[in-house]
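Please read the structure below before turning to the comments.
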Amino acid sequence: MKLDTSGFETSMPTIGFGCSNDMLDGFSTVPSFDLPRTTDFDGFQKEAVQMVKPAKGTTTLAFIFKEGVMVAADSRASMGGYISSQSVKKIIEINPYMLGTMAGGAADCQFWHRNLGIKCRLHELANKRRISVSGASKLLANMLYSYRGMGLSVGTMIAGWDETGPGLYYVDNEGGRLKGDRFSVGSGSPYAYGVLDSGYKFDMSVEEASELARRSIYHATFRDGASGGVASVYHVGPNGWTKLSGDDVGELHYHYYPVPPAIAEQVMEEAAAE
Amino acid sequence: MECVFGLVGEGFAIVAADTSAVHSILLHKNNEDKIMLLDSHKLVAASGEPGDRVQFTEYVQKNVSLYKFRNGIPLTTAAAANFTRGELATALRKNPYSVNILMAGYDNESGASLYYIDYIATLHKVDKGAFGYGSYFSLSTMDRHYRPDMSVEEAIELVDKCILEIRSRLVVAPPNFVIKIVDKDGARDYAWRQSVQDVTTAAV
């Protein structure tokens with residue numbers, strides 16, 4: 001690949017015409033620098049960044065612990081570089097004991113979660129018992145699989161409590177479905193994993209777990225431009241889900257890292273009126 | 001990247017697969033079992049796109065069960081492999097599945113066998129086979145040390161040699177592997193080779 005140096009070409013100095021050539025002599029050599037002998041100087045870094053680029057600009061996470069499932073998400077919606085909303089509900093209530101998280105296309109996630117809620121209710125009516133988390137996530141995964149290649153963008157986690165205890169599944173628009181104990185989805189997810197993995201213990205209380213979830217979302221919103229707004233934390237227990245907190249991440253920043261009040265070295269006084 | 005490999009020994013077949021579920025640079029899960037029990041005496045180790053992998057192998061599994069219920073006798077490994085290849089071939093020029101499969105099975109008449117089925121519906125009966133980036137390291141290792149009359153212990157030693165080679169030479173080597181075996185007593189888990197344990201598995 002030939003190095004494209006067109007960006008470095010300098011245009012002819014426009015002072016030439018009509019003026020004497022004396023002025024040009026001082027400007028004959030334009031300052032320049034040697035370029036490294038590589039084929040694609042900028043390209044390799046661009047490719048690496050593009051690969052991780054926020055296709056799903058959000059941060060959501062969920063994990064199973066001793067007391068159930070903790071689910072947390074940010075609330076920012078972005079369209080490229082424009083923040084379209086800071087108050088999006090990314091934790092969707094499928095039914096009183098199951099939650100879904102939203103990452104990817106907002107419309108896709110909302111519609112398909114609502115659709116899943118309908119299917120779950122139909123299952124209850126037809127079978128006289130609640131659907132399991134495994135069953136619900138399989139229904140969603142099969143629906144999304146049948147639309148694969150058609151441009152749906154959904155990266156969701158289904159969290160709930162059924163007869164077998166707490167359940168957590170990750171389902172995405174490619175039709176993938178993973179059962180696990182800990183997931184984070186979205187552009188901010190690597191940052192959230194960093195805090196979540198290092199602070200996680202199975203034997204946590206609800207307060208410790210909610211603090212871990214809140215902290216992970218905060219740290220992800222700090223580093224990821226596509227995540228922000230409000231960090232919402234939900235808990236799914238044996239009797240269903242409850243919303244624990246919703247804190248603005250800007251306020252959380254000063255709560256975790258307060259700025260000590262600076263003492264002024266010199267105080268400016270009002271100039272005496274003449 | 002996903003590493004799947006397998007070999008046939010004296011009266012048994014072994015398949016090994018990595019157990020990581022990856023999404024661009026993120027490892028979502030490191031204990032995902034990619035080797036499915038097709039029926040009591042068949043194993044299917046699959047690698048490929050996440051949705052396709054699960055959906056296609058479950059589809060094959062249900063159809064193999066259906067045959068057994070309808071006809072009272074199970075399919076042979078060769079028949080199951082040919083069925084799988086036929087399904088991939090039919091879908092290939094319409095709605096292709098991106099799955100690579102190693103199918104291992106034991107039949108009373110013909111013993112243990114291994115079939116190599118790739119995503120464009122190639123089918124070969126082989127003694128040893130591999131898919132993924134790991135194949136660059138495991139195929140030559142297996143070619144060097146394989147003998148048709150290997151015992152289970154010798155075969156497991158060879159599998160461990162391949163896993164070690166993948167771990168030390170592949171730049172994005174998966175940390176954990178699962179090994180399954182099929183012989184006259186059926187298809188079952190043999191061992192897990194884990195270099196990174198998930199913190200929750202220790203507690204639960």
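Residues in the structure tokens are named by chain (A, B, ... in the order shown) and by number from 1 within that chain; ligands are numbered from 1 in the order shown.
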
Give me, as number ranges by chain, the contact residues of chain A against chain B at a cut-off of 6 Å, counting only C-alpha atoms.
A: 174-176

Expected file: the selected residues, N, CA and C atoms, as a PDB file, in the first residue's frame:
```
ATOM      1  N   GLU A 174     -27.298 -11.939  16.731  1.00  0.00           N
ATOM      2  CA  GLU A 174     -26.814 -13.004  15.849  1.00  0.00           C
ATOM      3  C   GLU A 174     -27.445 -14.342  16.196  1.00  0.00           C
ATOM      4  N   GLY A 175     -28.276 -14.354  17.252  1.00  0.00           N
ATOM      5  CA  GLY A 175     -28.895 -15.603  17.654  1.00  0.00           C
ATOM      6  C   GLY A 175     -28.107 -16.344  18.712  1.00  0.00           C
ATOM      7  N   GLY A 176     -27.001 -15.726  19.186  1.00  0.00           N
ATOM      8  CA  GLY A 176     -26.214 -16.369  20.237  1.00  0.00           C
ATOM      9  C   GLY A 176     -26.935 -16.284  21.564  1.00  0.00           C
TER      10      GLY A 176
END
```

To test your reading of the structure, identify every residue in stretch 52-153 of chain B that backbone DSSP assigns to alpha helix (DSSP H), and report it as a PyMOL selection string. chain B and resi 52-71+77-92+135-145+152-153

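Considering only C-alpha atoms, the residue among B:Asp183, B:Glu109, B:Asp118, B:Glu153 positioned nearest to B:Tyr97 is B:Asp118.
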
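Nearest to A:Leu168 of all the residues A:Ser245, A:Ser227, A:Ser84, A:Ser184 is A:Ser184, based on only C-alpha atoms.
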
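With only C-alpha atoms as the atoms that count, the minimum distance from B:Ala89 to the choices B:Phe5, B:Tyr190, B:Tyr119, B:Tyr67 is reached by B:Tyr119.
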
B:Asn176 environment, 9 Å, only C-alpha atoms, sequence neighbours closer than 6 positions dropped, as number ranges by chain
B: 17-20, 30-31, 192-197

Just to be explicit: take each residue in the selection above, keep N, CA, C and O atoms, and write the result as a compact mmCIF listing (two decimals), in the first residue's frame.
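Done, and the output landed in out.txt:
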```txt
# COMPACT_ATOMS: atom_id res chain seq x y z
N ALA B 17 -12.42 -29.41 22.39
CA ALA B 17 -12.78 -28.09 21.90
C ALA B 17 -12.46 -27.06 22.98
O ALA B 17 -12.47 -27.37 24.17
N ASP B 18 -12.18 -25.83 22.52
CA ASP B 18 -11.97 -24.77 23.51
C ASP B 18 -13.33 -24.40 24.10
O ASP B 18 -14.37 -24.82 23.58
N THR B 19 -13.33 -23.65 25.18
CA THR B 19 -14.61 -23.36 25.85
C THR B 19 -14.79 -21.86 26.07
O THR B 19 -15.40 -21.44 27.05
N SER B 20 -14.28 -21.05 25.13
CA SER B 20 -14.47 -19.62 25.30
C SER B 20 -15.51 -19.07 24.34
O SER B 20 -15.53 -19.45 23.17
N ASN B 30 -15.84 -18.40 29.77
CA ASN B 30 -14.74 -19.31 29.49
C ASN B 30 -15.06 -20.75 29.84
O ASN B 30 -14.15 -21.57 29.99
N ASN B 31 -16.36 -21.09 30.00
CA ASN B 31 -16.70 -22.49 30.24
C ASN B 31 -17.92 -22.89 29.40
O ASN B 31 -18.82 -23.55 29.89
N TRP B 192 -11.82 -31.76 31.69
CA TRP B 192 -11.68 -30.35 31.34
C TRP B 192 -10.23 -29.97 31.61
O TRP B 192 -9.64 -30.43 32.56
N ARG B 193 -9.67 -29.14 30.72
CA ARG B 193 -8.31 -28.65 30.95
C ARG B 193 -8.42 -27.15 31.15
O ARG B 193 -8.60 -26.42 30.20
N GLN B 194 -8.36 -26.70 32.40
CA GLN B 194 -8.61 -25.29 32.66
C GLN B 194 -7.37 -24.60 33.20
O GLN B 194 -6.80 -25.02 34.20
N SER B 195 -6.95 -23.52 32.52
CA SER B 195 -5.86 -22.73 33.07
C SER B 195 -6.39 -21.46 33.72
O SER B 195 -5.68 -20.80 34.46
N VAL B 196 -7.67 -21.11 33.42
CA VAL B 196 -8.28 -19.95 34.09
C VAL B 196 -9.61 -20.40 34.64
O VAL B 196 -10.50 -20.79 33.90
N GLN B 197 -9.75 -20.37 35.96
CA GLN B 197 -11.01 -20.80 36.56
C GLN B 197 -11.86 -19.58 36.86
O GLN B 197 -11.38 -18.61 37.41
```

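Within stretch 121-186 of chain A, DSSP run on the backbone puts these residues in strand (DSSP E): A:Gly155, A:Thr156, A:Met157, A:Ile158, A:Ala159, A:Gly160, A:Trp161, A:Asp162, A:Gly165, A:Pro166, A:Gly167, A:Leu168, A:Tyr169, A:Tyr170, A:Val171, A:Asp172, A:Arg177, A:Leu178, A:Lys179, A:Arg182, A:Phe183, A:Ser184, A:Val185.
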
Spatial neighbours of A:Ile94, max dist 8 Å, only C-alpha atoms, sep filter under 4 positions, as a tab-separated table (two decimals) with N, CA, C and O atoms, in the first residue's frame:
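For reference, result.tsv as written:
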```
chain	number	residue	atom	x	y	z
A	98	MET	N	-38.97	-10.96	35.98
A	98	MET	CA	-37.94	-11.06	34.94
A	98	MET	C	-37.63	-9.69	34.38
A	98	MET	O	-38.53	-8.90	34.08
A	99	LEU	N	-36.33	-9.42	34.22
A	99	LEU	CA	-35.90	-8.15	33.65
A	99	LEU	C	-35.09	-8.40	32.39
A	99	LEU	O	-34.42	-9.42	32.26
A	100	GLY	N	-35.14	-7.43	31.46
A	100	GLY	CA	-34.27	-7.50	30.29
A	100	GLY	C	-33.49	-6.21	30.20
A	100	GLY	O	-33.98	-5.15	30.58
A	113	HIS	N	-38.55	-7.06	23.55
A	113	HIS	CA	-38.79	-7.41	24.95
A	113	HIS	C	-40.28	-7.41	25.25
A	113	HIS	O	-40.78	-8.26	26.00
A	114	ARG	N	-41.01	-6.45	24.66
A	114	ARG	CA	-42.47	-6.41	24.85
A	114	ARG	C	-43.09	-7.68	24.27
A	114	ARG	O	-43.95	-8.31	24.86
A	116	LEU	N	-41.58	-10.52	23.86
A	116	LEU	CA	-41.22	-11.63	24.73
A	116	LEU	C	-42.17	-11.68	25.93
A	116	LEU	O	-42.60	-12.75	26.34
A	117	GLY	N	-42.50	-10.50	26.48
A	117	GLY	CA	-43.44	-10.46	27.60
A	117	GLY	C	-44.78	-11.07	27.23
A	117	GLY	O	-45.39	-11.81	28.01
```

In Å and to one decimal, atom CA of A:Arg121 is distant from atom CA of A:Val236 by 18.7 Å

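Residue nearest B:Arg93, chosen from B:Val172, B:Leu114, B:Ala121, B:Ala79 and counting only C-alpha atoms: B:Ala121.
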
note - atom CA of A:Ser78 and atom CA of A:Gly160 are separated by 28.2 Å

Tell me, as JSON, numbers by chain, which residues lie within 12 Å of B:Val171, counting only C-alpha atoms; anything in the same chain fewer than 4 positions away does not count.
{"B": [1, 133, 134, 137, 165, 166, 167, 175]}

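Of the listed residues (A:Asp108, A:Asp172, A:Glu93, A:Asp203), A:Asp203 comes nearest to A:Phe65; the distances count only C-alpha atoms.
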
Non-local contacts of A:Asp162 (8 Å; only C-alpha atoms; under 2 positions in same chain excluded) as a PyMOL selection string:
chain A and resi 130-133+160+164-167+238

Could you turn the residues from that selection into a file that holds N, CA, C and O atoms, as a compact mmCIF listing (two decimals), in the first residue's frame?
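And here's again-v3.txt as it stands now:
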```
# COMPACT_ATOMS: atom_id res chain seq x y z
N ARG A 130 -45.46 -20.46 35.49
CA ARG A 130 -44.59 -19.44 34.94
C ARG A 130 -43.53 -20.04 34.04
O ARG A 130 -43.06 -21.15 34.28
N ILE A 131 -43.12 -19.27 33.05
CA ILE A 131 -42.04 -19.74 32.17
C ILE A 131 -40.70 -19.59 32.89
O ILE A 131 -40.53 -18.68 33.71
N SER A 132 -39.78 -20.50 32.60
CA SER A 132 -38.45 -20.41 33.22
C SER A 132 -37.63 -19.35 32.49
O SER A 132 -37.95 -18.96 31.36
N VAL A 133 -36.55 -18.89 33.13
CA VAL A 133 -35.67 -17.91 32.50
C VAL A 133 -35.02 -18.53 31.27
O VAL A 133 -34.85 -17.88 30.22
N GLY A 160 -33.68 -13.31 35.77
CA GLY A 160 -34.91 -13.60 36.47
C GLY A 160 -34.72 -14.63 37.54
O GLY A 160 -33.61 -15.16 37.73
N THR A 164 -35.72 -22.96 39.51
CA THR A 164 -34.37 -23.47 39.73
C THR A 164 -33.47 -22.44 40.41
O THR A 164 -32.29 -22.68 40.60
N GLY A 165 -34.04 -21.27 40.74
CA GLY A 165 -33.24 -20.24 41.38
C GLY A 165 -32.98 -19.09 40.44
O GLY A 165 -33.71 -18.88 39.47
N PRO A 166 -31.92 -18.30 40.70
CA PRO A 166 -31.63 -17.16 39.84
C PRO A 166 -31.08 -17.62 38.49
O PRO A 166 -30.35 -18.60 38.42
N GLY A 167 -31.48 -16.92 37.42
CA GLY A 167 -31.01 -17.28 36.09
C GLY A 167 -30.59 -16.04 35.33
O GLY A 167 -31.20 -14.98 35.46
N PRO A 238 -36.21 -13.75 45.10
CA PRO A 238 -37.19 -14.82 44.94
C PRO A 238 -38.62 -14.31 44.76
O PRO A 238 -39.46 -15.03 44.22
```

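For B:Gly186, the residues within 10 Å (counting only C-alpha atoms, excluding itself and residues fewer than 5 positions away along the chain) are B:Phe12, B:Leu37, B:Asp39, B:Ser40, B:His41, B:Lys42, B:Leu43, B:Gly105, B:Tyr106, B:Asp107, B:Ile181.
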
Between atom CA of B:Ala13 and atom CA of B:Val182 lies a distance of 5.4 Å
